[in-house]
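J.: Input structure: input-v1.pdb, which contains PDB, C-alpha atoms.
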MODEL        1
ATOM      1  CA  MET A  29      85.903 117.403  84.825
ATOM      2  CA  ASP A  30      88.917 115.379  85.926
ATOM      3  CA  ASP A  31      88.574 116.734  89.481
ATOM      4  CA  LEU A  32      84.987 115.510  89.616
ATOM      5  CA  SER A  33      85.909 111.981  88.569
ATOM      6  CA  THR A  34      88.772 111.947  91.107
ATOM      7  CA  GLU A  35      86.374 113.095  93.810
ATOM      8  CA  ASN A  36      83.835 110.407  92.846
ATOM      9  CA  SER A  37      86.471 107.676  92.791
ATOM     10  CA  GLN A  38      87.718 108.779  96.228
ATOM     11  CA  ARG A  39      84.135 108.714  97.529
ATOM     12  CA  ASP A  40      83.664 105.202  96.107
ATOM     13  CA  LYS A  41      86.919 104.069  97.695
ATOM     14  CA  ASN A  42      85.832 105.461 101.082
ATOM     15  CA  LYS A  43      82.496 103.640 100.726
ATOM     16  CA  GLN A  44      84.322 100.408  99.990
ATOM     17  CA  LYS A  45      86.540 100.898 103.051
ATOM     18  CA  SER A  46      83.493 101.493 105.247
ATOM     19  CA  MET A  47      81.725  98.425 103.873
ATOM     20  CA  PHE A  48      84.853  96.366 104.492
ATOM     21  CA  VAL A  49      84.961  97.441 108.154
ATOM     22  CA  LEU A  50      81.226  96.800 108.591
ATOM     23  CA  ASN A  51      81.446  93.361 106.978
ATOM     24  CA  GLN A  52      84.498  92.314 108.987
ATOM     25  CA  GLY A  53      82.859  93.495 112.233
ATOM     26  CA  ALA A  54      79.629  91.672 111.441
ATOM     27  CA  PHE A  55      81.423  88.458 110.501
ATOM     28  CA  MET A  56      83.605  88.618 113.600
ATOM     29  CA  GLY A  57      80.505  89.107 115.766
ATOM     30  CA  LEU A  58      78.816  86.126 114.113
ATOM     31  CA  VAL A  59      81.875  83.930 114.641
ATOM     32  CA  LEU A  60      82.094  85.045 118.288
ATOM     33  CA  SER A  61      78.415  84.156 118.660
ATOM     34  CA  ALA A  62      79.020  80.729 117.109
ATOM     35  CA  ALA A  63      81.976  80.220 119.455
ATOM     36  CA  PHE A  64      79.760  81.131 122.427
ATOM     37  CA  TRP A  65      77.125  78.677 121.196
ATOM     38  CA  PHE A  66      79.769  75.942 120.873
ATOM     39  CA  VAL A  67      81.073  76.651 124.378
ATOM     40  CA  GLN A  68      77.521  76.434 125.766
ATOM     41  CA  LEU A  69      76.811  73.150 123.968
ATOM     42  CA  ALA A  70      80.126  71.669 125.116
ATOM     43  CA  ASN A  71      79.499  72.934 128.670
ATOM     44  CA  LEU A  72      82.889  74.695 128.764
ATOM     45  CA  GLU A  73      81.737  78.179 129.834
ATOM     46  CA  THR A  74      83.739  78.088 133.070
ATOM     47  CA  SER A  75      86.926  76.741 131.493
ATOM     48  CA  PHE A  76      89.853  78.582 129.972
ATOM     49  CA  VAL A  77      88.805  77.225 126.564
ATOM     50  CA  ASN A  78      86.039  79.839 126.466
ATOM     51  CA  ASP A  79      88.486  82.747 126.773
ATOM     52  CA  LEU A  80      91.068  81.141 124.513
ATOM     53  CA  LEU A  81      88.525  80.558 121.745
ATOM     54  CA  SER A  82      87.241  84.145 121.949
ATOM     55  CA  TRP A  83      90.755  85.579 121.886
ATOM     56  CA  ALA A  84      91.696  83.409 118.914
ATOM     57  CA  VAL A  85      88.680  84.665 116.957
ATOM     58  CA  ILE A  86      89.427  88.305 117.783
ATOM     59  CA  VAL A  87      93.155  88.046 117.008
ATOM     60  CA  GLY A  88      92.544  86.101 113.809
ATOM     61  CA  PHE A  89      89.965  88.529 112.468
ATOM     62  CA  ILE A  90      91.995  91.612 113.330
ATOM     63  CA  HIS A  91      95.162  90.193 111.777
ATOM     64  CA  VAL A  92      93.470  89.086 108.544
ATOM     65  CA  SER A  93      91.496  92.328 108.332
ATOM     66  CA  MET A  94      94.614  94.472 108.662
ATOM     67  CA  VAL A  95      96.417  92.486 105.965
ATOM     68  CA  ARG A  96      93.461  92.659 103.565
ATOM     69  CA  TYR A  97      92.801  96.335 104.294
ATOM     70  CA  ARG A  98      96.453  97.232 103.715
ATOM     71  CA  ARG A  99      96.614  95.255 100.473
ATOM     72  CA  ASN A 100      93.222  96.194  98.988
ATOM     73  CA  TYR A 101      92.606  99.750 100.170
ATOM     74  CA  GLN A 102      95.917 101.293 101.213
ATOM     75  CA  GLU A 103      98.155 100.405  98.263
ATOM     76  CA  GLY A 104     100.335  98.212 100.467
ATOM     77  CA  TRP A 105     100.917 100.597 103.350
ATOM     78  CA  LEU A 106      99.299 100.980 106.757
ATOM     79  CA  THR A 107     100.313 103.266 109.606
ATOM     80  CA  TYR A 108     100.264 102.109 113.200
ATOM     81  CA  GLY A 109      97.349 104.410 114.057
ATOM     82  CA  GLN A 110      95.311 103.224 111.078
ATOM     83  CA  GLY A 111      95.852  99.615 112.133
ATOM     84  CA  VAL A 112      94.800 100.258 115.729
ATOM     85  CA  TRP A 113      91.771 102.277 114.618
ATOM     86  CA  LEU A 114      90.757  99.597 112.107
ATOM     87  CA  GLY A 115      90.989  96.758 114.631
ATOM     88  CA  THR A 116      89.149  98.701 117.320
ATOM     89  CA  ARG A 117      86.284  99.657 114.978
ATOM     90  CA  ILE A 118      85.926  96.068 113.814
ATOM     91  CA  GLY A 119      85.897  94.920 117.449
ATOM     92  CA  MET A 120      83.253  97.442 118.467
ATOM     93  CA  LEU A 121      81.013  96.395 115.576
ATOM     94  CA  ALA A 122      81.567  92.741 116.469
ATOM     95  CA  GLY A 123      80.622  93.591 120.039
ATOM     96  CA  ILE A 124      77.295  95.016 118.862
ATOM     97  CA  VAL A 125      76.520  91.834 116.910
ATOM     98  CA  PHE A 126      77.663  89.650 119.817
ATOM     99  CA  GLY A 127      75.641  91.739 122.278
ATOM    100  CA  ALA A 128      72.536  91.316 120.132
ATOM    101  CA  TRP A 129      73.200  87.560 120.056
ATOM    102  CA  MET A 130      73.533  87.494 123.874
ATOM    103  CA  PHE A 131      70.253  89.348 124.233
ATOM    104  CA  LEU A 132      68.541  86.885 121.884
ATOM    105  CA  TYR A 133      70.119  83.947 123.683
ATOM    106  CA  MET A 134      69.048  85.164 127.145
ATOM    107  CA  LYS A 135      65.552  86.226 126.183
ATOM    108  CA  VAL A 136      64.478  83.626 123.603
ATOM    109  CA  ILE A 137      66.794  80.651 123.266
ATOM    110  CA  ASN A 138      67.730  80.012 126.912
ATOM    111  CA  PRO A 139      65.835  82.219 129.374
ATOM    112  CA  GLU A 140      67.147  80.062 132.249
ATOM    113  CA  TYR A 141      70.698  81.202 131.475
ATOM    114  CA  VAL A 142      70.322  84.218 133.782
ATOM    115  CA  ASN A 143      69.209  82.018 136.689
ATOM    116  CA  GLU A 144      72.088  79.630 136.012
ATOM    117  CA  MET A 145      74.520  82.553 136.142
ATOM    118  CA  ILE A 146      73.058  83.761 139.453
ATOM    119  CA  VAL A 147      73.460  80.281 140.947
ATOM    120  CA  GLN A 148      77.067  80.102 139.690
ATOM    121  CA  MET A 149      77.860  83.498 141.238
ATOM    122  CA  GLN A 150      76.285  82.475 144.543
ATOM    123  CA  GLU A 151      78.253  79.224 144.585
ATOM    124  CA  ALA A 152      81.481  81.080 143.810
ATOM    125  CA  TYR A 153      80.949  83.514 146.679
ATOM    126  CA  LEU A 154      80.028  80.695 149.063
ATOM    127  CA  ALA A 155      83.143  78.771 147.987
ATOM    128  CA  SER A 156      85.295  81.844 148.658
ATOM    129  CA  GLY A 157      84.186  81.838 152.301
ATOM    130  CA  MET A 158      81.223  84.235 152.468
ATOM    131  CA  ASP A 159      78.388  83.234 154.747
ATOM    132  CA  GLU A 160      74.993  82.301 153.306
ATOM    133  CA  GLU A 161      73.199  85.340 154.746
ATOM    134  CA  THR A 162      75.551  87.791 153.020
ATOM    135  CA  VAL A 163      75.219  85.928 149.727
ATOM    136  CA  ALA A 164      71.413  85.915 150.073
ATOM    137  CA  ASN A 165      71.455  89.702 150.657
ATOM    138  CA  MET A 166      73.489  90.136 147.463
ATOM    139  CA  GLU A 167      70.799  88.595 145.239
ATOM    140  CA  GLY A 168      69.661  92.006 143.983
ATOM    141  CA  MET A 169      73.215  92.775 142.909
ATOM    142  CA  PHE A 170      73.428  89.419 141.109
ATOM    143  CA  GLU A 171      70.261  90.239 139.167
ATOM    144  CA  LEU A 172      71.716  93.624 138.237
ATOM    145  CA  PHE A 173      74.833  91.964 136.795
ATOM    146  CA  THR A 174      72.706  89.544 134.800
ATOM    147  CA  ASN A 175      70.484  92.254 133.331
ATOM    148  CA  PRO A 176      70.401  91.575 129.568
ATOM    149  CA  PHE A 177      70.950  95.226 128.632
ATOM    150  CA  LEU A 178      73.936  95.484 130.957
ATOM    151  CA  MET A 179      75.295  92.257 129.488
ATOM    152  CA  ILE A 180      74.898  93.665 125.956
ATOM    153  CA  PHE A 181      76.775  96.800 126.971
ATOM    154  CA  SER A 182      79.480  94.758 128.664
ATOM    155  CA  GLY A 183      79.725  92.551 125.561
ATOM    156  CA  VAL A 184      80.251  95.585 123.333
ATOM    157  CA  PHE A 185      82.698  97.118 125.783
ATOM    158  CA  GLY A 186      84.487  93.817 126.436
ATOM    159  CA  VAL A 187      84.958  92.849 122.792
ATOM    160  CA  GLY A 188      85.938  96.429 121.962
ATOM    161  CA  LEU A 189      88.518  96.501 124.765
ATOM    162  CA  TYR A 190      90.030  93.166 123.713
ATOM    163  CA  ALA A 191      90.085  94.394 120.109
ATOM    164  CA  LEU A 192      91.894  97.563 121.174
ATOM    165  CA  VAL A 193      94.528  95.652 123.143
ATOM    166  CA  PHE A 194      95.104  93.096 120.402
ATOM    167  CA  SER A 195      95.106  95.841 117.735
ATOM    168  CA  LEU A 196      97.828  97.698 119.632
ATOM    169  CA  ILE A 197      99.993  94.595 119.374
ATOM    170  CA  ILE A 198      99.052  93.376 115.885
ATOM    171  CA  ALA A 199      99.441  96.828 114.308
ATOM    172  CA  ILE A 200     103.124  96.814 115.304
ATOM    173  CA  PHE A 201     103.698  93.889 112.965
ATOM    174  CA  GLN A 202     101.276  94.905 110.213
ATOM    175  CA  ARG A 203     102.296  98.513 109.701
ATOM    176  CA  ARG A 204     104.021  99.379 106.472
ATOM    177  CA  LYS A 205     105.338 102.801 105.566
ATOM    178  CA  PRO A 206     104.974 104.164 102.056
ATOM    179  CA  ALA A 207     108.183 104.143 100.109
ATOM    180  CA  ASP A 208     110.089 107.400 100.218
ATOM    181  CA  PRO A 209     110.607 108.401  96.558
ATOM    182  CA  PHE A 210     113.683 110.489  97.366
ATOM    183  CA  SER A 211     115.583 107.647  99.039
ATOM    184  CA  ASN A 212     114.658 105.264  96.202
ATOM    185  CA  ALA A 213     116.004 107.776  93.655
ATOM    186  CA  MET A 214     119.217 108.159  95.639
ATOM    187  CA  LYS A 215     119.790 104.394  95.661
ATOM    188  CA  ASN A 216     119.796 104.416  91.869
ATOM    189  CA  ILE A 217     122.371 107.222  91.737
ATOM    190  CA  GLU A 218     124.880 105.591  94.067
TER
ENDMDL
END
Could I get this structure in the form of structure tokens?

T.:
Amino acid sequence: MDDLSTENSQRDKNKQKSMFVLNQGAFMGLVLSAAFWFVQLANLETSFVNDLLSWAVIVGFIHVSMVRYRRNYQEGWLTYGQGVWLGTRIGMLAGIVFGAWMFLYMKVINPEYVNEMIVQMQEAYLASGMDEETVANMEGMFELFTNPFLMIFSGVFGVGLYALVFSLIIAIFQRRKPADPFSNAMKNIE
């Protein structure tokens, strides 16, 4: 009977870990969406503030999530691989939420956003020295890049890639190895 209760408690603990990852990913996606909304309202989408704000949200969530996960679910220890995997999963889930927000934003809230992006791309290519005829011929490619489904996929992939890179770095500082009982016993003897 004791094995059954141990198995049930392990199953409950795994459920709690999964819910933690899902919640952190959803919250991170919502905060990224709010940051995007703020950047749009402040008209800062072409400035470095946009990237800096997104990176700060991703780094902050991954760092806090690793600390809480280690403390609440891992009995104070976390391997490097677990930290990287945790941060990447949270980032991918956040990317799904953020991608859904982008789709909603482009289809319902601001349908002109796609046209604004096309104009910005055309202006950027013209400013780089391309002639108007070449830029006009590239309009189909611009529309492809502003396809909402492609933008959702790139949002998921982009947030997931940033989460992976930041997780690789943050996990170095957040990893904790379980105490070796043999070495602790030997310290007491000496």

J.: Given the file shown, determine the residues that the PyMOL selection byres ((chain A and resi 102) around 12) selects; report them as a list in words.

T.: Lys41, Asn42, Gln44, Lys45, Met94, Val95, Arg96, Tyr97, Arg98, Arg99, Asn100, Tyr101, Glu103, Gly104, Trp105, Leu106, Thr107, Gln110, Gly111, Arg203, Arg204, Lys205 and Pro206 of chain A

J.: Report the centre and edge lengths, in Å to one decimal, of an axis-aligned box enclosing every atom of region 114-130 of chain A listed in the file, padded by 8 Å on each side, as JSON.

T.:
{"center_x": 81.8, "center_y": 93.6, "center_z": 118.0, "size_x": 34.5, "size_y": 28.2, "size_z": 27.8}

J.: Ranking A:Val147, A:Val92, A:Ile180, A:Ala70 by minimum distance to Val125 (chain A) and counting only C-alpha atoms, which one comes first?

T.: A:Ile180

J.: Step by step, work through what the PyMOL selection byres ((chain A and resi 51) around 12) selects in the shown file, and finish by giving those residues as number ranges by chain.

T.: A: 44-50, 52-58, 89, 93, 117-119, 121-122, 125

J.: Closest to Ile124 (chain A) among A:Phe181, A:Phe201, A:Tyr190, A:Tyr141, using all atoms listed in the file?

T.: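 Checking each candidate against Ile124 (chain A), we get A:Phe181 as the closest.
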